[in-house]
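File shown here: protein13.txt, holding compact mmCIF, C-alpha atoms and all ligand atoms.
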```txt
# COMPACT_ATOMS: atom_id res chain seq x y z
CA MET A 145 60.40 -31.02 52.56
CA SER A 146 57.41 -32.42 50.74
CA ALA A 147 54.30 -33.69 52.56
CA ALA A 148 51.40 -35.84 51.42
CA ILE A 149 47.93 -34.37 51.09
CA SER A 150 44.70 -36.21 50.40
CA VAL A 151 41.10 -35.47 49.49
CA SER A 152 38.37 -38.08 49.06
CA GLY A 153 40.91 -40.90 49.08
CA ARG A 154 43.13 -39.28 46.42
CA ARG A 155 46.60 -38.73 47.83
CA VAL A 156 49.33 -36.61 46.23
CA GLU A 157 52.77 -35.35 47.25
CA CYS A 158 52.97 -31.61 47.79
CA ALA A 159 56.47 -30.17 47.25
CA GLU A 160 57.75 -27.52 49.65
CA ASP A 161 57.26 -24.69 47.16
CA GLN A 162 53.80 -25.87 46.01
CA SER A 163 50.38 -24.84 47.22
CA ILE A 164 47.80 -27.52 47.98
CA LEU A 165 45.87 -26.40 44.89
CA GLU A 166 48.90 -26.67 42.64
CA ALA A 167 49.80 -30.14 43.94
CA PHE A 168 46.29 -31.46 43.24
CA LEU A 169 45.89 -29.78 39.84
CA ARG A 170 49.30 -31.01 38.69
CA ALA A 171 48.12 -34.52 39.56
CA GLY A 172 44.89 -33.96 37.58
CA VAL A 173 42.71 -33.90 40.73
CA TRP A 174 40.08 -31.14 40.65
CA MET A 175 39.76 -28.52 43.40
CA PRO A 176 37.51 -25.47 43.21
CA ASN A 177 39.64 -22.50 42.14
CA SER A 178 39.34 -19.15 40.48
CA CYS A 179 42.00 -16.45 41.02
CA ASN A 180 44.93 -18.60 42.31
CA GLN A 181 46.20 -15.47 44.06
CA GLY A 182 44.38 -15.50 47.42
CA THR A 183 41.79 -12.85 46.55
CA CYS A 184 38.52 -14.67 45.71
CA GLY A 185 38.03 -17.34 48.40
CA THR A 186 36.76 -19.98 45.92
CA CYS A 187 39.38 -22.53 46.98
CA LYS A 188 38.49 -22.54 50.70
CA LEU A 189 38.68 -26.04 52.15
CA GLN A 190 38.44 -27.76 55.51
CA VAL A 191 41.52 -29.31 57.07
CA LEU A 192 40.32 -32.59 58.60
CA CYS A 193 43.62 -33.72 60.06
CA GLY A 194 47.26 -32.68 59.83
CA GLU A 195 48.55 -29.11 59.75
CA VAL A 196 48.99 -26.40 57.13
CA ASP A 197 51.04 -23.23 56.82
CA HIS A 198 48.71 -20.48 55.54
CA ARG A 199 51.64 -18.57 53.98
CA ASP A 200 50.35 -15.45 52.20
CA SER A 201 46.60 -16.04 52.77
CA PRO A 202 45.18 -12.52 53.20
CA LEU A 203 43.05 -11.88 56.28
CA GLU A 204 40.38 -10.29 54.04
CA THR A 205 39.92 -13.64 52.27
CA LEU A 206 40.55 -16.00 55.19
CA THR A 207 39.67 -14.48 58.55
CA ALA A 208 41.29 -15.36 61.88
CA ASP A 209 38.07 -17.14 62.90
CA GLU A 210 38.07 -19.22 59.73
CA ARG A 211 41.70 -20.25 60.32
CA ALA A 212 40.84 -21.17 63.90
CA SER A 213 37.95 -23.33 62.66
CA GLY A 214 40.28 -25.28 60.34
CA LEU A 215 39.60 -23.58 57.01
CA ALA A 216 42.43 -22.87 54.56
CA LEU A 217 42.92 -21.39 51.10
CA ALA A 218 44.15 -24.19 48.85
CA CYS A 219 45.91 -21.76 46.50
CA GLN A 220 48.07 -20.35 49.35
CA ALA A 221 48.43 -23.03 52.04
CA ARG A 222 51.08 -25.77 52.19
CA PRO A 223 50.84 -28.95 54.28
CA LEU A 224 53.47 -29.11 57.02
CA VAL A 225 52.81 -32.80 57.75
CA GLU A 226 50.62 -35.45 56.11
CA THR A 227 47.25 -33.72 55.86
CA GLU A 228 43.72 -34.62 54.83
CA VAL A 229 41.29 -32.01 53.53
CA ALA A 230 37.63 -31.94 52.53
CA LEU A 231 35.70 -29.83 50.05
CA HIS A 232 32.07 -28.90 49.92
CA GLY A 233 29.98 -30.35 47.13
CA SER A 234 29.67 -33.58 45.26
CA GLU A 235 32.63 -33.27 42.90
CA MET A 236 35.36 -33.98 45.45
CA GLY A 237 38.41 -35.62 43.96
CA ARG A 238 37.14 -35.74 40.37
CA THR A 239 39.63 -35.77 37.51
CA THR A 240 40.50 -32.58 35.64
CA HIS A 241 42.94 -31.26 33.03
CA VAL A 242 46.48 -31.54 34.34
CA LEU A 243 48.11 -28.22 35.29
CA ARG A 244 51.34 -27.84 33.30
CA ASP A 245 54.26 -25.48 32.72
CA LEU A 246 54.87 -24.60 29.10
CA THR A 247 57.26 -22.41 27.18
CA ALA A 248 55.38 -20.44 24.55
CA THR A 249 56.50 -18.21 21.70
CA VAL A 250 54.77 -14.92 21.02
CA VAL A 251 53.39 -15.31 17.47
CA GLY A 252 51.06 -12.31 17.33
CA VAL A 253 50.71 -8.88 18.93
CA GLU A 254 47.79 -6.80 17.68
CA ASP A 255 46.20 -3.57 18.89
CA ILE A 256 42.47 -4.29 18.77
CA ALA A 257 40.92 -1.40 20.72
CA ARG A 258 42.01 1.48 22.89
CA ASP A 259 44.62 0.17 25.36
CA THR A 260 43.72 -3.38 24.39
CA ARG A 261 45.85 -6.02 22.69
CA ARG A 262 45.42 -9.49 21.32
CA ILE A 263 48.46 -11.61 22.20
CA LEU A 264 48.90 -14.96 20.47
CA LEU A 265 51.15 -17.55 22.10
CA GLY A 266 52.33 -20.53 20.05
CA LEU A 267 52.89 -23.79 21.93
CA GLU A 268 55.20 -26.64 21.00
CA GLU A 269 52.76 -29.17 22.39
CA PRO A 270 48.98 -28.75 22.62
CA LEU A 271 47.47 -27.79 25.97
CA ALA A 272 44.35 -29.61 27.19
CA PHE A 273 41.83 -27.20 28.73
CA SER A 274 38.12 -26.38 28.73
CA ALA A 275 36.90 -23.25 26.96
CA GLY A 276 36.74 -20.38 29.46
CA GLN A 277 39.79 -21.35 31.57
CA TYR A 278 42.89 -19.20 31.92
CA VAL A 279 46.66 -19.44 31.97
CA GLU A 280 49.19 -17.66 34.16
CA LEU A 281 51.96 -15.80 32.43
CA LEU A 282 55.35 -15.31 34.08
CA VAL A 283 56.19 -11.72 33.19
CA PRO A 284 59.67 -11.84 31.57
CA GLY A 285 62.43 -10.33 33.69
CA THR A 286 60.32 -10.55 36.86
CA ALA A 287 59.10 -13.21 39.31
CA GLU A 288 55.49 -12.01 38.87
CA ARG A 289 52.70 -14.13 37.42
CA ARG A 290 49.46 -12.73 36.01
CA PRO A 291 46.36 -14.68 34.93
CA TYR A 292 44.85 -14.16 31.45
CA SER A 293 41.73 -15.89 30.13
CA LEU A 294 41.82 -17.94 26.95
CA ALA A 295 39.56 -16.85 24.09
CA ASN A 296 40.07 -20.28 22.50
CA THR A 297 37.84 -23.30 22.12
CA ALA A 298 39.39 -26.55 23.39
CA GLU A 299 40.20 -27.57 19.79
CA GLU A 300 42.33 -24.42 19.34
CA ASP A 301 45.01 -25.87 21.58
CA LYS A 302 48.27 -24.91 19.87
CA VAL A 303 48.00 -21.12 19.68
CA LEU A 304 46.62 -19.47 22.82
CA GLU A 305 44.69 -16.25 22.31
CA LEU A 306 44.76 -13.65 25.11
CA HIS A 307 43.00 -10.26 25.20
CA VAL A 308 44.81 -7.85 27.46
CA ARG A 309 43.77 -4.46 28.78
CA ARG A 310 46.53 -2.06 29.79
CA VAL A 311 46.76 -1.11 33.47
CA PRO A 312 48.93 2.01 33.65
CA GLY A 313 52.22 1.18 35.38
CA GLY A 314 51.26 -2.48 35.81
CA VAL A 315 54.02 -5.10 35.84
CA ALA A 316 52.53 -7.24 33.05
CA SER A 317 51.16 -4.22 31.17
CA GLU A 318 54.62 -2.66 31.01
CA TRP A 319 55.79 -5.72 29.11
CA LEU A 320 52.66 -6.52 27.09
CA PHE A 321 52.31 -2.90 25.91
CA GLY A 322 56.05 -2.28 25.82
CA PRO A 323 58.91 -4.46 24.66
CA VAL A 324 56.89 -7.62 23.83
CA ALA A 325 57.65 -8.77 20.28
CA VAL A 326 56.88 -11.67 17.97
CA GLY A 327 59.47 -14.38 18.62
CA ASP A 328 59.77 -13.69 22.38
CA ARG A 329 59.71 -16.75 24.60
CA VAL A 330 57.50 -16.71 27.68
CA GLU A 331 56.67 -19.18 30.45
CA VAL A 332 53.00 -19.99 30.96
CA CYS A 333 51.25 -22.29 33.39
CA GLY A 334 47.74 -23.68 32.94
CA PRO A 335 44.97 -24.43 32.60
CA LEU A 336 43.40 -22.90 35.73
CA GLY A 337 39.96 -21.82 36.90
CA ASP A 338 36.45 -23.22 37.12
CA PHE A 339 34.88 -20.77 34.68
CA HIS A 340 34.35 -23.08 31.73
CA VAL A 341 31.78 -24.90 29.65
CA PRO A 342 30.52 -28.15 31.14
CA ASP A 343 31.64 -31.43 29.60
CA ALA A 344 29.73 -32.21 26.41
CA ASP A 345 27.71 -34.98 28.13
CA ASP A 346 26.49 -32.55 30.80
CA ASP A 347 25.57 -29.78 28.37
CA GLU A 348 21.82 -29.85 27.98
CA GLY A 349 21.63 -27.07 25.43
CA GLU A 350 19.79 -24.69 27.79
CA PRO A 351 19.46 -21.01 26.76
CA MET A 352 22.44 -18.91 27.85
CA VAL A 353 23.11 -15.31 28.63
CA LEU A 354 26.68 -14.06 28.68
CA ILE A 355 27.75 -10.67 30.06
CA GLY A 356 31.29 -9.46 29.50
CA GLY A 357 32.97 -6.18 30.37
CA GLY A 358 36.01 -5.10 28.31
CA THR A 359 38.48 -7.96 27.96
CA GLY A 360 35.99 -10.07 29.93
CA LEU A 361 34.82 -10.88 26.40
CA ALA A 362 37.80 -13.26 25.95
CA PRO A 363 36.56 -16.40 27.76
CA LEU A 364 32.99 -15.72 26.63
CA LEU A 365 34.14 -16.07 23.01
CA GLY A 366 35.50 -19.54 23.73
CA ILE A 367 32.46 -20.52 25.79
CA ALA A 368 29.85 -19.23 23.30
CA ARG A 369 31.54 -20.82 20.28
CA THR A 370 31.83 -24.17 22.08
CA ALA A 371 28.25 -24.11 23.33
CA LEU A 372 26.84 -23.13 19.92
CA ALA A 373 28.86 -25.76 18.05
CA ARG A 374 27.37 -28.42 20.37
CA HIS A 375 23.80 -27.17 20.15
CA PRO A 376 23.51 -25.01 17.01
CA ASP A 377 19.86 -24.14 17.72
CA ARG A 378 20.31 -23.00 21.29
CA THR A 379 19.45 -19.47 22.35
CA ALA A 380 22.50 -17.47 23.46
CA VAL A 381 22.55 -13.73 24.08
CA LEU A 382 25.78 -11.89 24.76
CA TYR A 383 25.88 -8.43 26.38
CA TYR A 384 29.21 -6.75 25.80
CA GLY A 385 29.82 -3.64 27.90
CA VAL A 386 32.60 -1.08 27.52
CA ARG A 387 32.97 2.64 28.18
CA THR A 388 33.10 4.03 24.64
CA GLU A 389 32.99 2.81 21.05
CA ALA A 390 36.80 2.99 20.91
CA ASP A 391 36.94 0.23 23.56
CA LEU A 392 34.96 -2.31 21.50
CA TYR A 393 36.73 -5.08 19.61
CA ASP A 394 35.86 -8.34 17.83
CA THR A 395 32.33 -7.18 16.98
CA ASP A 396 32.97 -8.59 13.48
CA ARG A 397 33.55 -12.03 15.05
CA LEU A 398 30.34 -11.69 17.03
CA ALA A 399 28.45 -10.65 13.87
CA GLU A 400 29.79 -13.73 12.07
CA LEU A 401 28.57 -15.93 14.92
CA ALA A 402 25.13 -14.29 14.75
CA GLU A 403 25.00 -14.98 11.02
CA ARG A 404 26.00 -18.61 11.49
CA TYR A 405 23.74 -19.45 14.46
CA ARG A 406 20.18 -18.16 14.32
CA GLY A 407 19.77 -18.40 18.10
CA PHE A 408 22.81 -16.22 18.85
CA SER A 409 22.59 -12.46 19.24
CA PHE A 410 24.72 -9.81 20.88
CA VAL A 411 24.17 -6.35 22.30
CA THR A 412 26.91 -3.75 22.68
CA VAL A 413 26.47 -1.40 25.62
CA LEU A 414 28.40 1.87 26.08
CA SER A 415 28.44 3.43 29.53
CA ARG A 416 30.15 6.73 28.73
CA GLU A 417 28.88 7.84 25.36
CA THR A 418 25.86 7.64 23.10
CA ARG A 419 26.42 6.21 19.64
CA PRO A 420 24.04 4.83 17.04
CA GLY A 421 23.88 1.03 17.00
CA HIS A 422 24.80 0.65 20.69
CA ARG A 423 22.78 0.70 23.89
CA GLY A 424 23.62 3.15 26.64
CA GLY A 425 24.24 2.31 30.32
CA TYR A 426 25.53 -0.89 31.88
CA ALA A 427 25.38 -4.38 30.41
CA PRO A 428 23.55 -6.07 33.38
CA ASP A 429 20.83 -3.37 33.20
CA ALA A 430 20.38 -3.94 29.47
CA PHE A 431 19.85 -7.66 30.20
CA VAL A 432 17.20 -6.87 32.85
CA GLU A 433 15.43 -4.55 30.42
CA ASP A 434 15.37 -7.14 27.63
CA ILE A 435 14.69 -10.49 29.29
CA ALA A 436 11.62 -10.93 31.45
CA SER A 437 12.54 -14.36 32.82
CA ALA A 438 15.79 -16.31 32.72
CA ARG A 439 14.38 -19.30 34.59
CA GLY A 440 16.17 -22.41 33.25
CA TRP A 441 18.87 -20.33 31.53
CA SER A 442 22.58 -20.49 32.40
CA GLY A 443 24.45 -17.24 32.99
CA TRP A 444 28.11 -16.41 32.31
CA LEU A 445 29.74 -13.30 33.73
CA CYS A 446 33.27 -12.02 33.25
CA GLY A 447 35.04 -8.73 33.86
CA SER A 448 35.57 -6.37 36.80
CA PRO A 449 34.34 -7.50 40.23
CA ALA A 450 31.69 -4.73 40.14
CA LEU A 451 30.35 -5.88 36.78
CA VAL A 452 30.23 -9.51 37.90
CA GLU A 453 28.46 -8.70 41.16
CA ALA A 454 25.90 -6.55 39.32
CA GLY A 455 25.41 -9.37 36.83
CA VAL A 456 24.72 -11.91 39.59
CA LYS A 457 22.03 -9.61 41.02
CA ALA A 458 20.51 -9.10 37.58
CA PHE A 459 20.40 -12.84 36.92
CA LYS A 460 18.76 -13.57 40.27
CA ARG A 461 16.24 -10.80 39.64
CA ARG A 462 15.28 -12.60 36.46
CA ARG A 463 14.92 -15.93 38.32
CA MET A 464 18.08 -17.68 37.15
CA ALA A 465 18.98 -20.59 39.45
CA PRO A 466 22.16 -19.81 41.47
CA ARG A 467 23.73 -23.13 40.42
CA LEU A 468 23.51 -22.02 36.76
CA ILE A 469 25.36 -18.75 37.39
CA HIS A 470 29.04 -18.91 36.39
CA ARG A 471 31.46 -16.06 37.01
CA GLU A 472 35.05 -14.95 36.60
CA LYS A 473 36.27 -11.79 38.30
CA PHE A 474 39.35 -10.07 36.91
CA GLU A 475 40.69 -9.23 40.38
CA PRO A 476 44.09 -7.51 40.38
CA ALA A 477 46.93 -9.51 41.96
CA THR A 478 47.99 -6.62 44.16
CA PRO A 479 45.80 -4.49 46.42
CA ARG A 480 44.21 -1.50 44.75
CA PRO A 481 44.16 1.97 46.20
CA ALA A 482 40.59 2.28 44.87
CA LEU A 483 38.45 0.04 42.70
CA ALA A 484 38.84 1.80 39.37
CA GLU A 485 37.02 -0.05 36.64
CA ILE A 486 39.36 -0.82 33.82
CA TYR A 487 37.54 -3.89 32.53
CA GLN A 488 34.11 -2.20 32.55
CA GLU A 489 32.19 0.28 34.60
CA PRO A 490 30.41 -0.38 37.85
CA PRO A 491 26.66 -0.22 37.53
CA GLY A 492 25.12 3.10 38.55
P1 LIG B 501 49.63 -4.83 38.38
O1 LIG B 501 51.11 -4.67 38.47
O2 LIG B 501 49.05 -6.08 38.93
O3 LIG B 501 48.89 -3.60 39.00
C1 LIG B 501 49.44 -2.27 38.98
C2 LIG B 501 48.59 -1.37 39.89
O4 LIG B 501 47.31 -1.20 39.29
C3 LIG B 501 48.34 -2.00 41.28
O5 LIG B 501 48.27 -0.96 42.22
C4 LIG B 501 46.99 -2.66 41.11
O6 LIG B 501 46.34 -2.76 42.36
C5 LIG B 501 46.28 -1.70 40.15
N1 LIG B 501 45.32 -2.41 39.29
C6 LIG B 501 45.48 -3.59 38.66
N2 LIG B 501 44.38 -3.91 37.96
C7 LIG B 501 43.51 -2.91 38.17
C8 LIG B 501 42.18 -2.66 37.74
N3 LIG B 501 41.53 -3.51 36.96
N4 LIG B 501 41.59 -1.53 38.16
C9 LIG B 501 42.24 -0.66 38.94
N5 LIG B 501 43.48 -0.83 39.40
C10 LIG B 501 44.11 -1.94 39.01
N6 LIG B 501 43.11 -9.07 32.44
C11 LIG B 501 42.95 -8.91 31.09
O7 LIG B 501 43.20 -7.82 30.53
N7 LIG B 501 42.52 -9.96 30.30
C12 LIG B 501 42.21 -11.16 30.83
O8 LIG B 501 41.82 -12.08 30.08
C13 LIG B 501 42.34 -11.35 32.25
N8 LIG B 501 42.03 -12.53 32.82
C14 LIG B 501 42.08 -12.64 34.18
C15 LIG B 501 41.66 -13.84 34.77
C16 LIG B 501 41.66 -13.97 36.15
C17 LIG B 501 41.20 -15.25 36.77
C18 LIG B 501 42.11 -12.89 36.96
C19 LIG B 501 42.12 -13.02 38.46
C20 LIG B 501 42.55 -11.71 36.38
C21 LIG B 501 42.53 -11.56 34.99
N9 LIG B 501 42.96 -10.39 34.38
C22 LIG B 501 42.81 -10.25 33.01
C23 LIG B 501 43.65 -9.33 35.15
C24 LIG B 501 45.18 -9.54 34.97
O9 LIG B 501 45.57 -10.77 35.53
C25 LIG B 501 46.03 -8.47 35.65
O10 LIG B 501 45.56 -8.24 36.96
C26 LIG B 501 46.04 -7.16 34.88
O11 LIG B 501 46.49 -7.37 33.55
C27 LIG B 501 46.94 -6.13 35.56
O12 LIG B 501 48.21 -6.68 35.68
P2 LIG B 501 49.50 -5.75 35.69
O13 LIG B 501 50.66 -6.62 36.09
O14 LIG B 501 49.62 -4.99 34.42
O15 LIG B 501 49.17 -4.71 36.82
FE1 LIG B 502 42.31 -19.34 46.12
FE2 LIG B 502 40.99 -17.49 44.75
S1 LIG B 502 41.56 -17.44 46.85
S2 LIG B 502 41.55 -19.50 44.08
```

Take the structure I supplied and represent it as C-alpha cells, if you would.
Amino acid sequence: MSAAISVSGRRVECAEDQSILEAFLRAGVWMPNSCNQGTCGTCKLQVLCGEVDHRDSPLETLTADERASGLALACQARPLVETEVALHGSEMGRTTHVLRDLTATVVGVEDIARDTRRILLGLEEPLAFSAGQYVELLVPGTAERRPYSLANTAEEDKVLELHVRRVPGGVASEWLFGPVAVGDRVEVCGPLGDFHVPDADDDEGEPMVLIGGGTGLAPLLGIARTALARHPDRTAVLYYGVRTEADLYDTDRLAELAERYRGFSFVTVLSRETRPGHRGGYAPDAFVEDIASARGWSGWLCGSPALVEAGVKAFKRRRMAPRLIHREKFEPATPRPALAEIYQEPPG
C-alpha cells in the first residue's frame, strides 16, 4: 500500500516498492543523495511524525541509536503511514531533475585502458541531468543495479557516456566485459547524486581543482567541460591518478581542453611506476606539493573512498572551505572482504 510523505510542505505518494528518496526524486523534489545503496549516509533525514520501515538500512550506516532518535536513510526507508520528514540545510524541498526509467541501446563499446571500457548508451528521448550525476544500470539477466557516473555535459543528453573499470567476478563487470554488444537493450534509471556543477546562475567562476582516480575521471570530464564553457578564463587544475601508464585514458581529450582553455591544466600521477611525463605517488599529494593555498577554490573529488578521503584532507590542509568540497565515492554495492583499490590507490 502506498503512503504519503512530505518535506517542507511538499507532499508526494510513496508506492510500496519505493524508497522515500525515489518517491521524492521521481516527483522532482530534491533530497540529498549519493550512493542510493545504503552505504554513504548522505541521505540521512529526520522523521518528524509518522513511521518508517528501515528495510535494508545497514547498521554501519544507520546505527541503532540513530534509528531510536528518529533518523532514517531516505534511499532505504519506506513510510508505513503518512509521514513527515525534515532535512538539514537550506535547500529543503527545492526542485530537481526528475528521476526517470529509460530503455537505452548500447551504441558503443570501446577498450580505453587496461580493464577499462567506454560504454555509450543511446536514448530514445533526452535525459535532463546536471554534469557529474550518475545513472543506475539494471544488469541484464539479473535484478542487480549498479551506479555509473556520466562523463557527459548536460547538452550531451541523447548518448550517455560511461567509463567502467572491471571488478573481477563482479555482477556488472561480467556483463560489461563479457557478452555486452552494440545493439543490446538495457534499462537505466537516472539522474541521481549530488555531485554536479552548480546551476549556471550560482557558478561564480572560482578556481577549481579536480582529483580523479581511475574511472573517477568520468564525472570530472563533464564537470570541467561545463565549468570551462561557462567561464573560459577560469583556473582549473585536474589531477588524474592511476597505478600505471596502462591505466590512463582520455589524456588526448584533456590535452585538447588544455589547448582550448588557457586556465586549464592537468597532471597525471602514477602510483606504481615511474614514467617520463608523469608524476609519481598519489594525486592528493601532488596537489599539496603544487598548490600553496586553495582558499576560495572549489574542489571536486571522485574515485575510491580512500582517494576521496585523502583528497578532502589535502583540500582542508590547503585552506579550502568545507562547503566548496564536492565528492563522489565509488563505493561497491556489496560488502568487500577488504578495501582493495580498483579505482585508484590509497595514499601512503
Ligand atoms: P560487484 O558484483 O558489486 O562486486 C563483486 C565483488 O567485488 C564484491 O565482493 C565486492 O564487494 C567487490 N568489489 C566491488 N568493487 C570493488 C572495489 N572497487 N574494490 C574492491 N572490491 C570491490 N564504477 C566505475 O567503474 N565507473 C563509474 O563511473 C562508477 N560510478 C559510480 C558512482 C557511484 C555513485 C557509486 C556508488 C559507484 C560507482 N562505480 C563506478 C562503482 C560501480 O557502481 C560498481 O560498484 C562496480 O562497477 C562493481 O560492480 P560489479 O557488479 O562489477 O561488482
Ligand atoms: Fe542513502 Fe547513500 S546511504 S544515498

Closest atom pairs, residues of region 326-399 of chain A within 12 Å of region 183-192 of chain A, only C-alpha atoms, as a tab-separated table:
```
residue	atom	partner	partner_atom	distance
A:Leu336	CA	A:Cys187	CA	12.0
A:Gly337	CA	A:Thr186	CA	9.7
A:Asp338	CA	A:Thr186	CA	9.4
A:Phe339	CA	A:Thr186	CA	11.4
```

Take the residues that were just selected and, keeping C-alpha atoms, output them as a short mmCIF file (atom, residue, chain, number, x, y, z; two decimals), keeping the file's coordinate frame.
```cif
data_model
loop_
_atom_site.label_atom_id
_atom_site.label_comp_id
_atom_site.auth_asym_id
_atom_site.auth_seq_id
_atom_site.Cartn_x
_atom_site.Cartn_y
_atom_site.Cartn_z
CA LEU A 336 43.40 -22.90 35.73
CA GLY A 337 39.96 -21.82 36.90
CA ASP A 338 36.45 -23.22 37.12
CA PHE A 339 34.88 -20.77 34.68
#
```

Discussion item. At a cut-off of 9 Å, using all atoms listed in the file, what residues contact Val311 (chain A)? Leave out same-chain residues fewer than 5 positions from it and give the result as a PyMOL selection string.
Written reply: chain A and resi 259+316-318+486

Would you output that residue set with C-alpha atoms, as a JSON list (two decimals), in the coordinates of the input?
```json
[["chain", "number", "residue", "atom", "x", "y", "z"],
["A", 259, "ASP", "CA", 44.62, 0.17, 25.36],
["A", 316, "ALA", "CA", 52.53, -7.24, 33.05],
["A", 317, "SER", "CA", 51.16, -4.22, 31.17],
["A", 318, "GLU", "CA", 54.62, -2.66, 31.01],
["A", 486, "ILE", "CA", 39.36, -0.82, 33.82]]
```

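CA of Ala248 (chain A) sits 25.9 Å away from CA of Cys158 (chain A).
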
Worksheet entry | Proximity to Ala257 (chain A) - best of A:Ser448, A:Asp429, A:Thr412, A:Val386, all atoms listed in the file | A:Val386

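Closest approach to ligand LIG 502 (chain B) among A:Gly424, A:Leu217, A:Cys193, A:Asp396: A:Leu217, based on all atoms listed in the file.
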
Draw an axis-aligned box over all listed atoms of ligand LIG 501 (chain B), pad each side with 8 Å, and write its centre and edge lengths in Å, one decimal, as JSON.
```
{"center_x": 46.2, "center_y": -8.0, "center_z": 36.2, "size_x": 25.9, "size_y": 30.6, "size_z": 28.3}
```

Worksheet item: Ile367 (chain A): which residues within 6 Å, counting all atoms listed in the file, same-chain residues fewer than 3 positions away excluded, as number ranges by chain?
Response: A: 275-276, 341, 364, 370

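From atom C19 of ligand LIG 501 (chain B) back to CA of Glu269 (chain A), the distance works out to 25.1 Å.
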
Worksheet entry | All residues 9 Å or closer to Arg290 (chain A), all atoms listed in the file, same chain fewer than 2 positions away omitted, as number ranges by chain | A: 279-283, 288, 292, 315-316, 476-477

Worksheet item: Separation of CA of Thr227 (chain A) and CA of Met145 (chain A), in Å?
Response: 13.8 Å

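In this comparison, which uses all atoms listed in the file, the residue of A:Asp200, A:Glu400, A:Asp345, A:Asp328 approaching ligand LIG 502 (chain B) most closely is A:Asp200.
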
Fill in: Shell around Gly349 (chain A) at 10 Å using all atoms listed in the file, local window under 5 positions removed, as a PyMOL selection string
chain A and resi 344+371-372+374-380+441-442

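Distances from A:Ala167, A:Ile263, A:Ala465, A:Cys219 to ligand LIG 502 (chain B) were compared using only C-alpha atoms and all ligand atoms, and the smallest one belongs to A:Cys219.
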
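Closest approach to Gly356 (chain A) among A:Cys446, A:Val432, A:Val251, A:Val332 is made by A:Cys446 (distances from all atoms listed in the file).
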
Fill in: Close residues, Val381 (chain A) itself excluded, 12 Å, all atoms listed in the file, min 3 positions apart in chain, as number ranges by chain
A: 350-356, 364-365, 368, 371-372, 378, 384, 398, 401-402, 405-412, 427, 430-431, 434-435, 438, 441-444

Worksheet entry | For Ala436 (chain A), the nearest of the candidates A:His340, A:Lys302, A:Arg463, A:His232, counting all atoms listed in the file | A:Arg463

As a short mmCIF file (atom, residue, chain, number, x, y, z; two decimals), in the frame of the given file, could you write out region 163-177 of chain A once it has been completed with N, CA and C atoms?
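Result written to part34.cif:
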```cif
data_model
loop_
_atom_site.label_atom_id
_atom_site.label_comp_id
_atom_site.auth_asym_id
_atom_site.auth_seq_id
_atom_site.Cartn_x
_atom_site.Cartn_y
_atom_site.Cartn_z
N SER A 163 51.60 -24.96 46.43
CA SER A 163 50.38 -24.84 47.22
C SER A 163 49.62 -26.16 47.12
N ILE A 164 48.64 -26.32 48.02
CA ILE A 164 47.80 -27.52 47.98
C ILE A 164 47.08 -27.60 46.63
N LEU A 165 46.59 -26.44 46.17
CA LEU A 165 45.87 -26.40 44.89
C LEU A 165 46.78 -26.87 43.76
N GLU A 166 47.99 -26.33 43.72
CA GLU A 166 48.90 -26.67 42.64
C GLU A 166 49.22 -28.16 42.65
N ALA A 167 49.46 -28.71 43.85
CA ALA A 167 49.80 -30.14 43.94
C ALA A 167 48.66 -31.00 43.38
N PHE A 168 47.41 -30.67 43.74
CA PHE A 168 46.29 -31.46 43.24
C PHE A 168 46.10 -31.27 41.74
N LEU A 169 46.14 -30.02 41.27
CA LEU A 169 45.89 -29.78 39.84
C LEU A 169 46.99 -30.41 38.98
N ARG A 170 48.22 -30.38 39.46
CA ARG A 170 49.30 -31.01 38.69
C ARG A 170 49.12 -32.52 38.61
N ALA A 171 48.40 -33.08 39.58
CA ALA A 171 48.12 -34.52 39.56
C ALA A 171 46.79 -34.81 38.84
N GLY A 172 46.15 -33.76 38.31
CA GLY A 172 44.89 -33.96 37.58
C GLY A 172 43.70 -34.17 38.50
N VAL A 173 43.82 -33.77 39.78
CA VAL A 173 42.71 -33.90 40.73
C VAL A 173 42.07 -32.52 40.89
N TRP A 174 40.76 -32.43 40.63
CA TRP A 174 40.08 -31.14 40.65
C TRP A 174 39.95 -30.59 42.07
N MET A 175 40.05 -29.28 42.17
CA MET A 175 39.76 -28.52 43.40
C MET A 175 39.07 -27.26 42.92
N PRO A 176 38.09 -26.73 43.64
CA PRO A 176 37.51 -25.47 43.21
C PRO A 176 38.60 -24.39 43.21
N ASN A 177 38.65 -23.58 42.18
CA ASN A 177 39.64 -22.50 42.14
C ASN A 177 39.21 -21.45 41.14
#
```
